[in-house]
Each structure stands twice: as structure tokens, then as C-alpha cells.
$ cat entry_36.txt   # compact mmCIF, C-alpha atoms
# COMPACT_ATOMS: atom_id res chain seq x y z
CA MET A 199 -2.87 -40.56 24.94
CA ASP A 200 -5.72 -39.63 27.25
CA GLU A 201 -8.49 -37.17 26.43
CA GLN A 202 -7.14 -34.38 28.66
CA GLU A 203 -3.69 -34.51 27.00
CA PHE A 204 -5.31 -34.49 23.53
CA SER A 205 -7.39 -31.43 24.51
CA ARG A 206 -4.25 -29.57 25.68
CA GLN A 207 -2.49 -30.33 22.40
CA GLN A 208 -5.49 -29.08 20.42
CA LYS A 209 -5.51 -25.82 22.41
CA LYS A 210 -1.78 -25.34 21.85
CA GLU A 211 -2.18 -26.00 18.14
CA ARG A 212 -5.08 -23.50 17.84
CA ALA A 213 -3.10 -20.87 19.78
CA ARG A 214 -0.11 -21.37 17.45
CA GLU A 215 -2.36 -21.00 14.38
CA ARG A 216 -3.90 -17.78 15.80
CA ARG A 217 -0.40 -16.35 16.44
CA GLU A 218 0.62 -17.13 12.86
CA ILE A 219 -2.50 -15.42 11.49
CA LEU A 220 -1.89 -12.32 13.64
CA ASP A 221 1.78 -12.22 12.62
CA ALA A 222 0.76 -12.35 8.95
CA GLU A 223 -1.76 -9.51 9.45
CA HIS A 224 0.47 -7.25 11.53
CA GLY A 225 3.77 -8.19 9.94
CA SER A 226 7.21 -8.58 11.40
CA THR A 227 8.98 -5.70 13.10
CA TYR A 228 12.72 -5.26 12.99
CA SER A 229 14.41 -2.72 15.27
CA PHE A 230 17.79 -1.11 14.71
CA ARG A 231 19.62 0.97 17.31
CA LEU A 232 21.03 4.26 16.04
CA SER A 233 23.68 6.51 17.56
CA GLY A 234 21.34 9.48 17.20
CA ILE A 235 18.66 11.07 15.03
CA GLU A 236 19.48 14.07 12.89
CA PRO A 237 16.75 16.40 11.55
CA GLU A 238 17.30 15.16 7.98
CA ASP A 239 16.81 11.54 9.16
CA ALA A 240 13.12 12.21 9.87
CA ALA A 241 12.68 13.62 6.36
CA ALA A 242 14.48 10.60 4.87
CA VAL A 243 12.25 8.17 6.78
CA GLU A 244 9.15 10.08 5.63
CA ARG A 245 10.39 9.82 2.04
CA LEU A 246 10.97 6.06 2.46
CA ASN A 247 7.40 5.70 3.72
CA GLU A 248 6.10 7.61 0.67
CA ILE A 249 8.09 5.39 -1.69
CA CYS A 250 7.01 2.16 0.02
CA ARG A 251 3.33 3.13 0.51
CA GLY A 252 1.14 0.24 -0.57
CA VAL A 253 4.06 -2.21 -0.63
CA GLY A 254 3.73 -3.43 2.95
CA VAL A 255 6.86 -1.83 4.44
CA THR A 256 6.78 1.06 6.93
CA PHE A 257 9.59 2.85 8.73
CA GLU A 258 9.45 4.63 12.10
CA LEU A 259 12.06 6.62 14.01
CA SER A 260 11.83 6.96 17.78
CA GLU A 261 13.89 8.25 20.68
CA SER A 262 13.56 7.16 24.29
CA LYS A 263 15.42 8.33 27.37
CA PHE A 264 16.77 5.99 30.03
CA GLY A 265 18.52 7.81 32.84
CA GLY A 266 21.02 10.12 31.16
CA PHE A 267 21.08 8.15 27.91
CA THR A 268 19.04 8.69 24.77
CA LEU A 269 18.34 5.63 22.65
CA ALA A 270 17.43 6.14 19.01
CA THR A 271 15.68 3.34 17.16
CA LEU A 272 14.63 2.72 13.59
CA ARG A 273 11.76 0.24 13.34
CA VAL A 274 10.96 -1.47 10.06
CA ASN A 275 7.56 -3.18 9.86
CA LEU A 276 7.28 -5.71 7.05
CA LYS A 277 4.06 -7.39 5.93
CA GLU A 278 5.49 -10.34 4.06
CA ASN A 279 2.22 -11.25 2.32
CA ASN A 280 2.01 -7.79 0.70
CA VAL A 281 5.62 -7.94 -0.47
CA ARG A 282 5.16 -11.48 -1.80
CA ASN A 283 2.04 -10.38 -3.75
CA ILE A 284 3.90 -7.52 -5.39
CA ARG A 285 6.83 -9.73 -6.36
CA THR A 286 4.69 -12.50 -7.84
CA ARG A 287 1.38 -10.99 -8.90
CA PHE A 288 2.61 -7.83 -10.60
CA ALA A 289 6.17 -8.98 -11.40
CA GLY A 290 7.34 -5.47 -12.24
CA ARG A 291 4.97 -4.98 -15.16
CA ASP A 292 4.04 -1.42 -16.04
CA MET A 293 0.39 -0.53 -15.88
CA LYS A 294 -1.33 -0.22 -19.23
CA GLU A 295 -2.11 3.35 -20.27
CA VAL A 296 -5.79 4.20 -19.99
CA ARG A 297 -7.32 6.48 -22.62
CA PHE A 298 -10.85 7.77 -22.87
CA PRO A 299 -12.88 9.55 -25.57
CA ASP A 300 -14.04 13.11 -24.94
CA ASP A 301 -17.48 14.31 -26.06
CA ASP A 302 -16.18 14.75 -29.64
CA GLY A 303 -14.72 11.22 -29.77
CA VAL A 304 -11.07 12.34 -29.51
CA MET A 305 -9.01 9.97 -27.33
CA HIS A 306 -7.12 11.45 -24.35
CA PRO A 307 -4.81 9.88 -21.72
CA ALA A 308 -6.55 9.61 -18.35
CA THR A 309 -5.28 11.38 -15.25
CA VAL A 310 -6.58 11.13 -11.69
CA GLU A 311 -8.25 14.57 -11.76
CA LYS A 312 -9.90 13.89 -15.14
CA VAL A 313 -11.28 10.55 -13.94
CA GLU A 314 -12.57 12.10 -10.70
CA THR A 315 -14.21 14.90 -12.72
CA LEU A 316 -15.88 12.33 -14.98
CA ILE A 317 -17.13 10.40 -11.94
CA ARG A 318 -18.68 13.56 -10.46
CA ARG A 319 -20.22 14.53 -13.81
CA ASP A 320 -21.39 11.19 -15.24
CA GLY A 321 -21.33 8.78 -12.31
CA ALA A 322 -18.98 5.93 -11.54
CA GLN A 323 -20.57 3.25 -13.73
CA LYS A 324 -20.64 5.36 -16.90
CA THR A 325 -17.08 6.60 -16.30
CA ALA A 326 -15.83 3.03 -15.87
CA GLU A 327 -17.55 1.99 -19.11
CA ARG A 328 -16.04 4.99 -20.88
CA LEU A 329 -12.57 3.95 -19.65
CA GLY A 330 -13.17 0.33 -20.69
CA MET A 331 -12.90 -1.19 -17.22
CA SER A 332 -15.09 -2.35 -14.37
CA LYS A 333 -16.18 0.09 -11.67
CA SER A 334 -14.20 -1.75 -8.98
CA GLY A 335 -11.16 -1.88 -11.28
CA MET A 336 -11.41 1.86 -11.84
CA TYR A 337 -11.49 2.56 -8.08
CA LYS A 338 -8.54 0.19 -7.49
CA ARG A 339 -6.61 1.99 -10.21
CA LEU A 340 -7.46 5.39 -8.64
CA LYS A 341 -6.27 4.18 -5.25
CA SER A 342 -3.00 2.78 -6.60
CA ALA A 343 -2.40 5.95 -8.65
CA ARG A 344 -2.82 8.11 -5.53
CA GLU A 345 -0.51 5.80 -3.52
CA ALA A 346 2.15 5.79 -6.25
CA GLY A 347 1.93 9.58 -6.57
CA ARG A 348 3.39 9.66 -10.11
CA PRO A 349 2.97 13.13 -11.62
CA ALA A 350 1.12 13.20 -14.93
CA GLY A 351 3.42 13.19 -17.93
CA GLU A 352 3.61 15.83 -20.64
CA ASP A 353 1.49 13.75 -23.04
CA GLU A 354 -1.25 13.23 -20.44
CA GLU A 355 -2.52 16.83 -20.46
CA PRO A 356 -2.75 17.25 -16.66
CA CYS A 357 -5.52 19.45 -15.26
CA SER A 358 -3.12 20.99 -12.74
CA GLU A 359 0.55 20.74 -11.83
CA ARG A 360 -0.35 18.37 -8.98
CA ASP A 361 -2.39 16.01 -11.19
CA LEU A 362 -1.35 12.34 -11.02
CA SER A 363 -0.90 9.76 -13.74
CA PHE A 364 -3.81 7.30 -13.83

$ encode --input "entry_36.txt" --output "C-alpha cells"
Amino acid sequence: MDEQEFSRQQKKERARERREILDAEHGSTYSFRLSGIEPEDAAAVERLNEICRGVGVTFELSESKFGGFTLATLRVNLKENNVRNIRTRFAGRDMKEVRFPDDDGVMHPATVEKVETLIRRDGAQKTAERLGMSKSGMYKRLKSAREAGRPAGEDEEPCSERDLSF
């Protein structure tokens, strides 16, 4: 094999590796043709996106016109690495309840609004110590709680009706 042929093969191999990396970052897109889009379909797709937020799956409805025809399409974008992480790393385990002591030492379940209030009042580092976790772990937990959007339970003493379970 001469040097020029070897160089071409190296370039092809590098291009293939770059495509694989980009595919992993952007995910795979699957398109489905629909006979039409009803008003409730858009609401259903929005609900699916809310449910799958943070999982690595997004849904998109679109309509395009060609001549006198209207084509409706449902696109599903799947980031396989995200889905694989959720299946293996978390394995369906529930998150451990986080409790924190108030100023009198009484333990209370944490909610998103309470944690955010503590961060504004005492600072992030002290709040994380009070919750018994690292600062980065606390912010990751806040982010995942917002993405999950689980309303605070009755035992969690929510600050408002829109407060989320931490």
C-alpha cells in the first residue's frame, strides 16, 4: 500500500469517527408520516415532551405543503447515550428524600422553593451543608427536580401550590 492510499484511508477513518461523534451528540431522528394533525395532537406532543424532558427523547409535529397536498410528520429525536445512562445508571431507583433542620432543629422535607429560599438567605455552600450534600449535587438535584416537575407531596409542606418535590 503506497503512502497516498494510506493517507486517503486515514482521512476516511477520521471522517467516519467524526460522523459517529456528531450522531451521538445530536441523536437519531425518526420521522413518521401522519394523515393529518388535529388540535389535540399538538397538546399531546407537548405533554410527551414534558414527560420525556431530561431523558433524551423529543417529539416534534410539522406540516408542509407540496402542491395541493399537506404532509403531516411526527419527528422523534432520540439521544441514545442519554437513554442508556438512565437505564443503567439510575436503574429506576427512587431518589432519597432530603430533609433539613430549621432554625429550631426540627427536621422538614425539602422542596424546591424552600431550598431556593435557603440559598438566597444563607448562600449555596451553607445550604448544601445543611442538606447533607455537596453544592454541585444540590444544584443537580434542583435541576432534575425542576425537569421532573413532581408537585410537592402533602407531607412536604409546600410553600405554594406550584412548589416542586426536591

$ closest_residue --input "entry_36.txt" --among "A:Met305, A:Gly254, A:Lys341, A:Ala346" --to "Asn280 (chain A)" --atoms "all atoms listed in the file"
A:Gly254

$ atom_distance --input "entry_36.txt" --atom1 "CA of Thr271 (chain A)" --atom2 "CA of Leu232 (chain A)"
5.5 Å

$ axis_aligned_box --input "entry_36.txt" --around "region 265-282 of chain A" --padding-each-side "3 Å" --output "AutoDock Vina command-line options"
--center_x 11.5 --center_y -0.7 --center_z 15.5 --size_x 25.1 --size_y 27.6 --size_z 40.6

$ closest_residue --input "entry_36.txt" --among "A:Lys294, A:Lys263, A:Arg360, A:Arg273" --to "Val310 (chain A)" --atoms "only C-alpha atoms"
A:Arg360

$ closest_residue --input "entry_36.txt" --among "A:Ala322, A:Leu276, A:Leu246, A:Ala308" --to "Leu362 (chain A)" --atoms "all atoms listed in the file"
A:Ala308

$ closest_residue --input "entry_36.txt" --among "A:Ile249, A:Ala213, A:Val243, A:Ala326" --to "Arg344 (chain A)" --atoms "only C-alpha atoms"
A:Ile249

$ closest_residue --input "entry_36.txt" --among "A:Ser363, A:Thr256, A:Asn275, A:Ser342" --to "Val313 (chain A)" --atoms "only C-alpha atoms"
A:Ser363

$ atom_distance --input "entry_36.txt" --atom1 "CA of Asn247 (chain A)" --atom2 "CA of Pro349 (chain A)"
17.6 Å

$ closest_residue --input "entry_36.txt" --among "A:Glu218, A:Asp302, A:Glu211, A:Glu261" --to "Ser233 (chain A)" --atoms "all atoms listed in the file"
A:Glu261

$ atom_distance --input "entry_36.txt" --atom1 "CA of Ser332 (chain A)" --atom2 "CA of Glu248 (chain A)"
27.8 Å

$ residues_around --input "entry_36.txt" --residues "Asp300 (chain A)" --least-positions-apart "6" --cutoff "12 Å" --atoms "only C-alpha atoms" --output "count of residues only"
9
